[in-house]
Each structure stands twice: as structure tokens, then as C-alpha cells.
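Okay, so here's the structure we're looking at.
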Amino acid sequence: METRIALPRAPSEPEPASFPLLASIAPVLGAGALWLLLQTPTVLVLALLGPVIALASLGDGRRVRRRRRRREEERWRAELAAVADRVDAALDERRAALSRAHPGPRALAARPAHDPHRWRPVAGDGLPIVLGIGALPSGVAVEGDVPATDRLVRSIGAAAAAERLRSAAATLLGPVLVDASEGLGLVGPAPVSLAIARAAVVQLLEAVPPDAAALIAPDNPAWDWLAAAPHPLHREPGAIVRLVGDGLEATVATAAVASALPRECRVVVHVALDRARLRPPGSGDRTCAPVALAEREAAAAVALLARAAARAGIRGAVGPGRVELDALPVATGGLAAIFLADDAPIELDLVRDGPHAVVGGTTGSGKSELLLAWVAAMAAGRSTAEVAFLLVDFKGGSSFAPIASLAHCVGVMTDLDEAGARRAIESLRAELRRRERLLAAQGARAIDEATGLGRLVIVVDEFAAMLQELPDLHRLFVDLAARGRSLGVHLVLCTQRPAEAVRDALLANCGIRISLRVTEPHDALAITGTADAAAIPLEARGRCVVRVSGGATRAAQAAVASPAHLARLVAAAAGQPRPPRPWCEPLPERLPLAAVPGDGIRLGLVDLPAEQRVAAALWRPSIDGPLLAIGGAASGRTGLADLLATQLGCPVVDREDALWDALWEPQPERAGAAPLVVDDLDLQLARLGEEQQAIVVQLLARRMREGAPVALTARRASSAMGQLAPLAELRVLLRIASRQEHVVAGGAGALHDGTLPPGAGWLRDERIQLATAEGRAPRRAPRAVPMPAGRAAIVLGPAAAMPALEHDAARPGQPGDVVAGTVAEWEAAWGELDRLRADRPVVVLGVDERQLRQVLRHAPPAPPMRAAPAWVLLDGRLERLRYPSSESTGTA
């Protein structure tokens, strides 16, 4: 509820005293009347009393006004101080109420063991805990306005004082709360994040009684102090603390970076020694001074909780004994593993009872431990030629960390992006085709009749999370489930909500069904046909209900593989050869040219997941035709030009004037056309005029049709390249910003990826990584010729300077070795320039192309220039002139 406090009445300026008009006029009128009556001039002196009375009255009015103004100011300050006291009292009351409602870990630890308020139900949802002390809305509102237009208000700063009071009342320092049921992730240095996590966990243990939840803590010495807690405690690898009970779940996790936090951490807090910045779901960032506990303080707090639980007679239910995998016999048939039912081992064989299995269970029920022990039991005593495991973990990749280095393990798939998922789908489908070919080659109907082909077990943790992000994988897994028995491919699918994730098409092929503790009866019914798994106690970690097709439903206890057992298993299998992987490693982001095999012009490596291999990408100009690469900025386009030019032994053409020279250059007849590598063709064409652009496109198209080794790169498929792009039979699409431009460039819309690294792209709809050139290829410079010596005809533009000559220059129409004139002078001497050009070079300085065509009829096309035009006509061809005005071309 909001507390409203009104500001005092604003101070107001006293009204000024009115002018004493009547009192001033009265002496004057009286003096006049006496003069008329007495006819004595001296009585007129009494008229001076009028101004004297007026001045005295005005002075007295000002004195009274100053007194009233001082009284008004004193009243305002006194009343404002009283309002400030009321605000302070209201803030103190709010602060005390917040402290009582959310005392924080140290205040909780200071409660006596017999405190009756401990573990009482609190109204509301969630599990709020104090993260630290920060600015909070106070709920105290100061109402009222102080008009800043009043003179007295401005002079004493009343409006600013009222605003300061309003601002001070709006916030207070109090406990900043986060809801641990939404998952709390602490990101920062390990000592700091652990200290804040200890404070959060102590508050959770104070909020939830020991008989209502179980505690899952990391198997790490940093959390050994939790052994004294009264709550049932289970340890597992990782850096996550969970408090799990019926209808509640709270998570506290620590990590060095936010990406390493588990998915359930929706509240991410970046912590430092004196500051915590949190981003709750649906709101902006907030900061506070974090509350942290030393390990000694946390241990004392849980010891107090243990005494309080013992005093109140509250005990956490004791779960079933831990069953070590070492204590069970090793199964030998098929792909068998041993469980424990009613103190008697039972054997589950994926080959005999499967071919596939589904495992359900909520958080904290022991799914990850079951999967680790199951994989370890199947790998024990079997070679890598008999069985291989593909592990899929959509919880961040930490579940299978203890067995990731097992020789039987062909890979661990973690959270995939769209491109990675597409690659995995194609590779697994290729694995099915490979197995079919091997069976067909041996004339075998199933893997039992074939030789040299081992079984592949695909274990998926959090199957529902995988399908939610990558729904296309469901069709693949249905195909794997349908054909897996004969091909030797087995699935073990694990999920929290099996009723929603595992559909009938998959479930029908899952002969082994295991349900650990679940929260909803229909989840248990969906797997085992009974609701018994929904009644498994919270603390009974690893307790499950097992059903095998054609058999009865039985209660069992899953074994646990200790870290020492897993380490021995990994060491024992270390000498065995690795089984073939279903797919190759992803293409590297940087690829040296030496790593690309093959003879000829090497482009890079192309990923062929449908063939389960990575192949060298080669360019054979005589077979593949011209090459066109399109990509945006920093996509590796220029690097490809360097790569090709280095191998072809030619320079890179990256200027429009140099491109003109390369296309006009005579080609040898016997040795074949010289190779041409053009970088940023679309930009070069855009810099040319319409006539020059048409000529370049025509000459370049002819070169491409003649089969010359031509490689082009461009930022986009521009309209000027409309005639050239279809002639490029080999096309490489690098990173392009928009999907529309990717499609216009000739790519499939589904393959567009705006996050590709430099050098990554698509070649014939297959992912390619271009190699990196060993060095930068030379650039072709535009050609220019020096000023001719001796006889010459010179055409000067309006701003062109006459060059220094050995001979005096004559005017057009006059004889001389050097004849020079302006455009107008040459036009006046009609036909003179055509006569002179037959036996001497023509130098053109500062004349644009339109004027050039006027004065020099039938002139050949002028080469493009980036500086002021300076040309020379030699042997019927216009060449650039090496002249001071053309220095910016880079050829002077």
C-alpha cells in the first residue's frame, strides 16, 4: 500500500502595500483651503506634508512586507522539515517491514534454534531470496506542487527543496529479491560467485523444511559444508545446487561465463566483489551490493538448521541405499546392463529386450547418473568393434563429461545450431545407408548375420529440449527407431516429460521403458502403463519403475558408476582402436592451403555429410568453367582472389582501369588465353561509364565463353553483371547479409546463414571452407605510356596546361613538328587533325570523352581514368598518358 504525504503550502510573496493617495492629497487640500480662508501664503507650507506622508507610508509598507516575507519563509522551512520527518518515519517503517519479511542470510542464521517462524508456509508463489541491498521503490509518495514562478519560491529554492524531498522519498535501500524457483545463475570469479551462492542456498534451506525437499549439490569440496544440513543430500558432478520437492524446484548455479549456465537459470546475475548486476526475466538490468557468506558462516547456519530440525522433530526421509555399479555382476549377452530389483539383479538387454529404450524422470530423480552407469555397463567387457556410443546432451554437455574420452564413444553432441543440426541429420542418414550397403554386400538380412559391423547406441539426454529447438530431428529418430533393429542402431531417449516428447511412432519401437520419479501420473502412465513412478519419494534418487515388452512392471534401483569406476573403464579401453564416426569434424574456421590435398587449383575443403566425409574442393577451369564468388564485407572474397591468383601465377585485377587493360591486351594464340582473376567486379563496373561498362562486359563475356581461366568475385549480383553471372558455371556463395540477396545470387533460401566466418560459404549447396593464401598476390597496375618525343599533335582542354616541348608548337592549320590547339581551334581547322594523326601521335589533355569524339572522329574507345583525362593516340589505339595530371592513377 502506498503512503501519501502532502507538501506544505508553498511560500508566497506578500502583496505590496498600496500607494497612500488620499493621505498624500489631504494636506495639500487643507493647505489650499486655509490659504483661501486666511489669505496667508505661509499656510501653503503645510502642503509639503503630502509627499512626506506618502514617502513615510511607502517605507512603512516595505518594512511590513519584509517582516511578512521572513515569517512566510520560516513557516515553509518548519513545515517542510516536519514533512521530511514524516517521510523519514515512513521510510524507516517500510525498511523495517522489508527487513522483517526478508531478513537475509545473516539475520536468519542469528535466529534461535527454537524460532517458531522457521519453515512456516509463506503466502505467494516462488522462493524469494535476498540477493543483496539496493535501491527499491519505497511506496512513499510526496504530493503537492510548488510553483517555480513565484518570486519568493525562486529566491529561497523552495521548488528544488521539494523536488529533493520527493526524490529522496521515492526510493530506499532495501533487500533486492530474486525468485530461486526461476533458476539463479551467478556469473563471475569463482570465489565471489561461490560466496553469494552460499548465501542463496542457506536462505533456501531456511525457507523449505527438510521433509518437503531434497538437496542436490555438486560433488565438490567447496560444498562439503552442506553435509550438516538436515535436508536429504545427494551429490553429483557439476556446479549446480538444486532444491527439489513436490511442486517446487530451485536452482543455484555458478559459472565463469553466462553461456556455461544451465538452461533453467532464467535469472542471470553478473557478480563482482562489491556489485551485482542482475537481469530478471521481462525487466531491465538492476544493481545491488551482494550479500555473501564465508564457508564458516554457511556451515554454522546449516548446523543451526540441523539443531532446529532435531528440536522440532522434523527429519528428511532417508532414501534407499546407494547401489554401486562395481557391486553388480557384469552382463555378457548382447547389450545387457544390470539393475537391482528387490535386492536381486535384473538384466536389461537392448538387443533382446529393445531395440530401443525410453527413460523418463524429473530433475533430481537421477537420470544422468542412470545414463552414465548404463553406458558404462554396456561398454564393460566389450570391444570398440562390438559397440560404439554416440552421446547427445542438450543440457550443456556436462552430463557425459566423465565418459567423453571413452574409446567406445564416437562423439558428444551438445546444443546444436540450425546448420549443425542439418549436418547431423544428413550424417546419421548416411550412417544408415552405409550399414545397409555393408549388409547388402554380405547378403545379410540383419547385423547378427554380418561381420565387421558393430552396434551403435545413440543416447540422448533431454530429448524434449532437442526436439523443441530442432523439430526436424523427430522424423530422423522415427526412421532410426523403425530400421535400427536390423542395422544395429539402438536409441536410449531420456526426457523429463515423456508424455509430450515421445510420440507413439517412437514409443512403439521402445521395448525397454524406465520411469524414475515424475511429478505427473500421466507421464508415468505414458511410459510404464502405471502411475507408480509418480509416487516415488523425492529423496529416493535412482528408484525407478521398469517395464520390458511382454514382461511385468517391476520396481528397481538404478546403479551408480563412481568417478573411480568410470576412470578405470576409460583407462582399460584406451588402447582399443576408435570405431568409425558417423560424421566428420566440422570444417575449421581457418584452413591453410597446405591442408588441402589434390593437384590443380585448390579452393578448400567441402563438407559432405551425406557421404560422411570431407573432400578437397578443386577448380578445373577447362571442365568447371569460369568461377564466380559472391560475398559481403569481410566474407573472404578478396582472400579467394589472392588464393586463385597465387596458384594461377597471375596478378589480381581490382581496378576498373587495370581490368580494361587486361581485356584489351592481345592474347597469345598457341599458349591459350592468360588467366584472369578479378576482385570486386560489381564495384569496378559501377565506376565505369555506360559505354565503357558495355565494352568491358562484352569483352569479359567473350573471354569467359572462350574457356579462359576466369575467376570473378563480387559483393552482390548487380544488374550490370546480368550477362556475366550465367556464364559462371562454378559459383561460390560466401556470407551475404540478407536472405533475398543470397537467393538472387543463386543460393537456396534455406541455406542462408548470416553468421558464417570469413572464407566459409556454399559450393553446389554444400558447405565449403576456403583455404587461406600463403601470401598476398600482386595487383595489376593500369598501363600508361610516356609523352611522345618529336612530332605530335596536341589537343588541349579548357584547364589543361601546355606540356614542356623541345620544339615550338604551331597552331592548327600551320606547319610544324608539334601542332597544338584547343578543341575549338581544332574544330575550326576542319580535317587538319585527321590528316596529322596519320603520321604522328595525338596527345589529348583535359578533354572529356564527348569532346574527344567531336574533335577526333572515329576515335577508338577511351580507356577509363581516375584522374584528369590524359591520353595519347598511337597506332589507332588510345593509351593513357604518363603525365603530371594523371598521378592519381598510380602509374606516373
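Residues in the C-alpha cells are named by chain (A, B, ... in the order shown) and by number from 1 within that chain; ligands are numbered from 1 in the order shown.
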Hey, which bits of segment 529-577 of chain A sit within 12 Å of segment 234-238 of chain A, and for each residue what's the closest pair of atoms and how far apart in Å (one decimal), counting only C-alpha atoms, rows by chain and increasing number, as a Markdown table?
```
| residue | atom | partner | partner_atom | distance |
| --- | --- | --- | --- | --- |
| A:Leu538 | CA | A:His234 | CA | 11.1 |
| A:Glu539 | CA | A:His234 | CA | 8.4 |
| A:Ala540 | CA | A:His234 | CA | 9.9 |
| A:Arg541 | CA | A:His234 | CA | 7.9 |
| A:Gly542 | CA | A:His234 | CA | 10.7 |
| A:Val560 | CA | A:Glu236 | CA | 10.4 |
| A:Ala561 | CA | A:Glu236 | CA | 11.0 |
| A:Ser562 | CA | A:Glu236 | CA | 9.9 |
| A:Pro563 | CA | A:Pro237 | CA | 9.2 |
```
Next item on the list: Could you give me, as number ranges by chain, each residue of segment 531-572 of chain A that DSSP assigns to strand (DSSP E or B) when run on this structure's backbone?
Entry: A: 543-548, 553-557, 560
Notebook entry, point to check: Where in segment 184-276 of chain A does DSSP assign helix (DSSP H, G or I), given as a PyMOL selection string?
Noted result: chain A and resi 190-207+221-228+258-260
Next item on the list: Write out as a ChimeraX atom specification the residues lying within 10 Å of Trp119 of chain A, counting only C-alpha atoms and excluding same-chain residues fewer than 6 positions away.
Entry: /A:205-210,309
Compile the contact shell of Ala792 of chain A as a PDB file with N, CA and C atoms, in the first residue's frame: residues with an atom at most 7 Å away, counting only C-alpha atoms, same-chain residues fewer than 5 positions apart removed.
```pdb
ATOM      1  N   ASP A 817      56.498  20.607 -86.485  1.00  0.00           N
ATOM      2  CA  ASP A 817      56.637  19.252 -85.937  1.00  0.00           C
ATOM      3  C   ASP A 817      55.629  19.005 -84.812  1.00  0.00           C
ATOM      4  N   VAL A 818      55.354  20.038 -84.023  1.00  0.00           N
ATOM      5  CA  VAL A 818      54.367  19.939 -82.941  1.00  0.00           C
ATOM      6  C   VAL A 818      53.287  20.954 -83.228  1.00  0.00           C
ATOM      7  N   VAL A 819      52.055  20.463 -83.365  1.00  0.00           N
ATOM      8  CA  VAL A 819      50.896  21.322 -83.605  1.00  0.00           C
ATOM      9  C   VAL A 819      49.974  21.180 -82.419  1.00  0.00           C
ATOM     10  N   ARG A 840      51.654  10.936 -87.027  1.00  0.00           N
ATOM     11  CA  ARG A 840      52.197  11.326 -85.734  1.00  0.00           C
ATOM     12  C   ARG A 840      51.190  11.001 -84.626  1.00  0.00           C
ATOM     13  N   PRO A 841      51.693  10.833 -83.414  1.00  0.00           N
ATOM     14  CA  PRO A 841      50.767  10.593 -82.304  1.00  0.00           C
ATOM     15  C   PRO A 841      49.964  11.839 -81.967  1.00  0.00           C
ATOM     16  N   VAL A 842      48.776  11.586 -81.422  1.00  0.00           N
ATOM     17  CA  VAL A 842      47.891  12.677 -80.994  1.00  0.00           C
ATOM     18  C   VAL A 842      47.787  12.630 -79.477  1.00  0.00           C
TER      19      VAL A 842
END
```
Note to self: Show me, as a PyMOL selection string, the residues that have an atom within 9 Å of Leu80 of chain A when counting only C-alpha atoms, minus same-chain residues fewer than 4 positions from it.
What the structure shows: chain A and resi 7-8+75-76+84-85+161-162+165
Those residues you just picked out, can you put them in a file as a PDB file, in the first residue's frame with N, CA and C atoms?
```
ATOM      1  N   LEU A   7       2.895  17.925   0.643  1.00  0.00           N
ATOM      2  CA  LEU A   7       3.817  19.019   0.898  1.00  0.00           C
ATOM      3  C   LEU A   7       3.090  20.166   1.594  1.00  0.00           C
ATOM      4  N   PRO A   8       3.786  20.985   2.379  1.00  0.00           N
ATOM      5  CA  PRO A   8       3.128  22.149   2.972  1.00  0.00           C
ATOM      6  C   PRO A   8       2.750  23.163   1.899  1.00  0.00           C
ATOM      7  N   ARG A  75       7.909  29.803   8.089  1.00  0.00           N
ATOM      8  CA  ARG A  75       6.811  28.818   8.115  1.00  0.00           C
ATOM      9  C   ARG A  75       7.067  27.680   7.130  1.00  0.00           C
ATOM     10  N   TRP A  76       7.494  28.005   5.921  1.00  0.00           N
ATOM     11  CA  TRP A  76       7.746  26.976   4.903  1.00  0.00           C
ATOM     12  C   TRP A  76       8.849  26.002   5.335  1.00  0.00           C
ATOM     13  N   ALA A  84       9.540  16.273   6.070  1.00  0.00           N
ATOM     14  CA  ALA A  84      10.711  15.415   5.918  1.00  0.00           C
ATOM     15  C   ALA A  84      10.803  14.407   7.051  1.00  0.00           C
ATOM     16  N   ASP A  85      10.454  14.810   8.263  1.00  0.00           N
ATOM     17  CA  ASP A  85      10.447  13.866   9.382  1.00  0.00           C
ATOM     18  C   ASP A  85       9.408  12.770   9.158  1.00  0.00           C
ATOM     19  N   ALA A 161      14.031  22.264  -3.174  1.00  0.00           N
ATOM     20  CA  ALA A 161      13.966  21.521  -1.907  1.00  0.00           C
ATOM     21  C   ALA A 161      12.823  20.516  -1.917  1.00  0.00           C
ATOM     22  N   ALA A 162      11.688  20.925  -2.489  1.00  0.00           N
ATOM     23  CA  ALA A 162      10.557  19.997  -2.560  1.00  0.00           C
ATOM     24  C   ALA A 162      10.875  18.825  -3.482  1.00  0.00           C
ATOM     25  N   LEU A 165      13.159  16.389  -1.723  1.00  0.00           N
ATOM     26  CA  LEU A 165      12.417  15.581  -0.763  1.00  0.00           C
ATOM     27  C   LEU A 165      11.602  14.512  -1.483  1.00  0.00           C
TER      28      LEU A 165
END
```
Checklist line | Using only C-alpha atoms: which of A:Gln814, A:Thr553, A:Asn509, A:Gln496 has the shortest distance to Asp479 of chain A | finding: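 Of A:Gln814, A:Thr553, A:Asn509, A:Gln496, the one nearest Asp479 of chain A is A:Asn509, counting only C-alpha atoms.
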Check: In terms of the shortest atom-to-atom distance over only C-alpha atoms, which of A:Phe477, A:Leu172, A:Pro221, A:Ala298 is closest to Val201 of chain A?
Finding: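 Result for the nearest residue to Val201 of chain A: A:Ala298.
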Need the shell around Val844 of chain A: protein/DNA/RNA residues with any atom at most 8 Å away, counting only C-alpha atoms. Skip same-chain ones fewer than 4 positions apart. Format as a CSV table (one decimal) with C-alpha atoms, in the first residue's frame?
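Saved file selection19.csv follows:
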```csv
chain,number,residue,atom,x,y,z
A,794,ILE,CA,48.2,18.1,-79.1
A,795,VAL,CA,44.5,18.7,-78.2
A,796,LEU,CA,44.1,20.9,-75.0
A,797,GLY,CA,41.1,21.0,-72.8
A,869,PRO,CA,42.0,12.6,-68.8
A,870,ALA,CA,45.4,12.4,-70.4
A,871,TRP,CA,45.5,10.2,-73.5
A,872,VAL,CA,47.7,9.5,-76.5
```
Checklist line | A:Ala867, A:Ile240, A:Leu127, A:Ala771 ranked by distance to Glu589 of chain A, top pick (using only C-alpha atoms) | finding: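 The shortest atom-to-atom distance to Glu589 of chain A comes from A:Ala771.
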Notebook entry, point to check: Given the choices A:Gln647, A:Leu173, A:Trp35, A:Trp830, which gets closest to Ala96 of chain A if the distance is worked out from only C-alpha atoms?
Noted result: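 For Ala96 of chain A, the nearest of the candidates is A:Leu173.
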Closest contacts (segment 344-462 of chain A/segment 609-613 of chain A, max 7 Å, only C-alpha atoms) as a Markdown table:
```
| residue | atom | partner | partner_atom | distance |
| --- | --- | --- | --- | --- |
| A:Arg423 | CA | A:Pro609 | CA | 5.9 |
| A:Glu426 | CA | A:Ala610 | CA | 5.0 |
| A:Ser427 | CA | A:Pro609 | CA | 4.7 |
| A:Ala430 | CA | A:Ala610 | CA | 5.1 |
```
Next, write the just-selected residues to a file, as a PDB file, in the first residue's frame, keeping N, CA and C atoms as the atom set.
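The new file out.pdb reads:
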```
ATOM      1  N   ARG A 423      23.525 -30.844 -40.479  1.00  0.00           N
ATOM      2  CA  ARG A 423      24.684 -31.692 -40.746  1.00  0.00           C
ATOM      3  C   ARG A 423      24.569 -33.024 -40.016  1.00  0.00           C
ATOM      4  N   GLU A 426      21.957 -35.285 -41.828  1.00  0.00           N
ATOM      5  CA  GLU A 426      22.466 -35.886 -43.051  1.00  0.00           C
ATOM      6  C   GLU A 426      23.491 -36.988 -42.747  1.00  0.00           C
ATOM      7  N   SER A 427      24.328 -36.757 -41.720  1.00  0.00           N
ATOM      8  CA  SER A 427      25.354 -37.742 -41.396  1.00  0.00           C
ATOM      9  C   SER A 427      24.744 -39.026 -40.843  1.00  0.00           C
ATOM     10  N   ALA A 430      23.244 -40.915 -43.556  1.00  0.00           N
ATOM     11  CA  ALA A 430      24.309 -41.568 -44.321  1.00  0.00           C
ATOM     12  C   ALA A 430      24.815 -42.810 -43.589  1.00  0.00           C
TER      13      ALA A 430
END
```
Just want the 8 Å neighbourhood of Gln769 of chain A, counted on only C-alpha atoms, with same-chain residues fewer than 4 positions away dropped. Output as a CSV table (one decimal) with C-alpha atoms, in the first residue's frame.
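Now in out.csv:
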```csv
chain,number,residue,atom,x,y,z
A,587,LEU,CA,35.2,-27.6,-41.0
A,588,PRO,CA,37.8,-25.3,-39.4
A,589,GLU,CA,37.3,-21.6,-39.5
A,590,ARG,CA,40.9,-21.1,-40.8
A,591,LEU,CA,42.3,-23.5,-43.3
A,604,GLY,CA,39.5,-25.5,-49.8
A,605,LEU,CA,37.5,-28.3,-48.2
A,606,VAL,CA,33.9,-29.1,-48.8
A,759,GLY,CA,36.1,-18.0,-46.0
A,760,ALA,CA,33.0,-20.1,-45.3
A,761,GLY,CA,30.3,-20.5,-47.8
```
Note to self: Could you tell me how far atom CA of Arg703 of chain A sits from atom CA of Asp682 of chain A, in Å to one decimal place?
What the structure shows: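 Calculated distance between atom CA of Asp682 of chain A and atom CA of Arg703 of chain A is 17.3 Å.
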Item checked: Coordinates-based distance that separates atom CA of Arg352 of chain A from atom CA of Arg578 of chain A (Å, one decimal) ->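 That distance, rounded to one decimal, is 25.5 Å.
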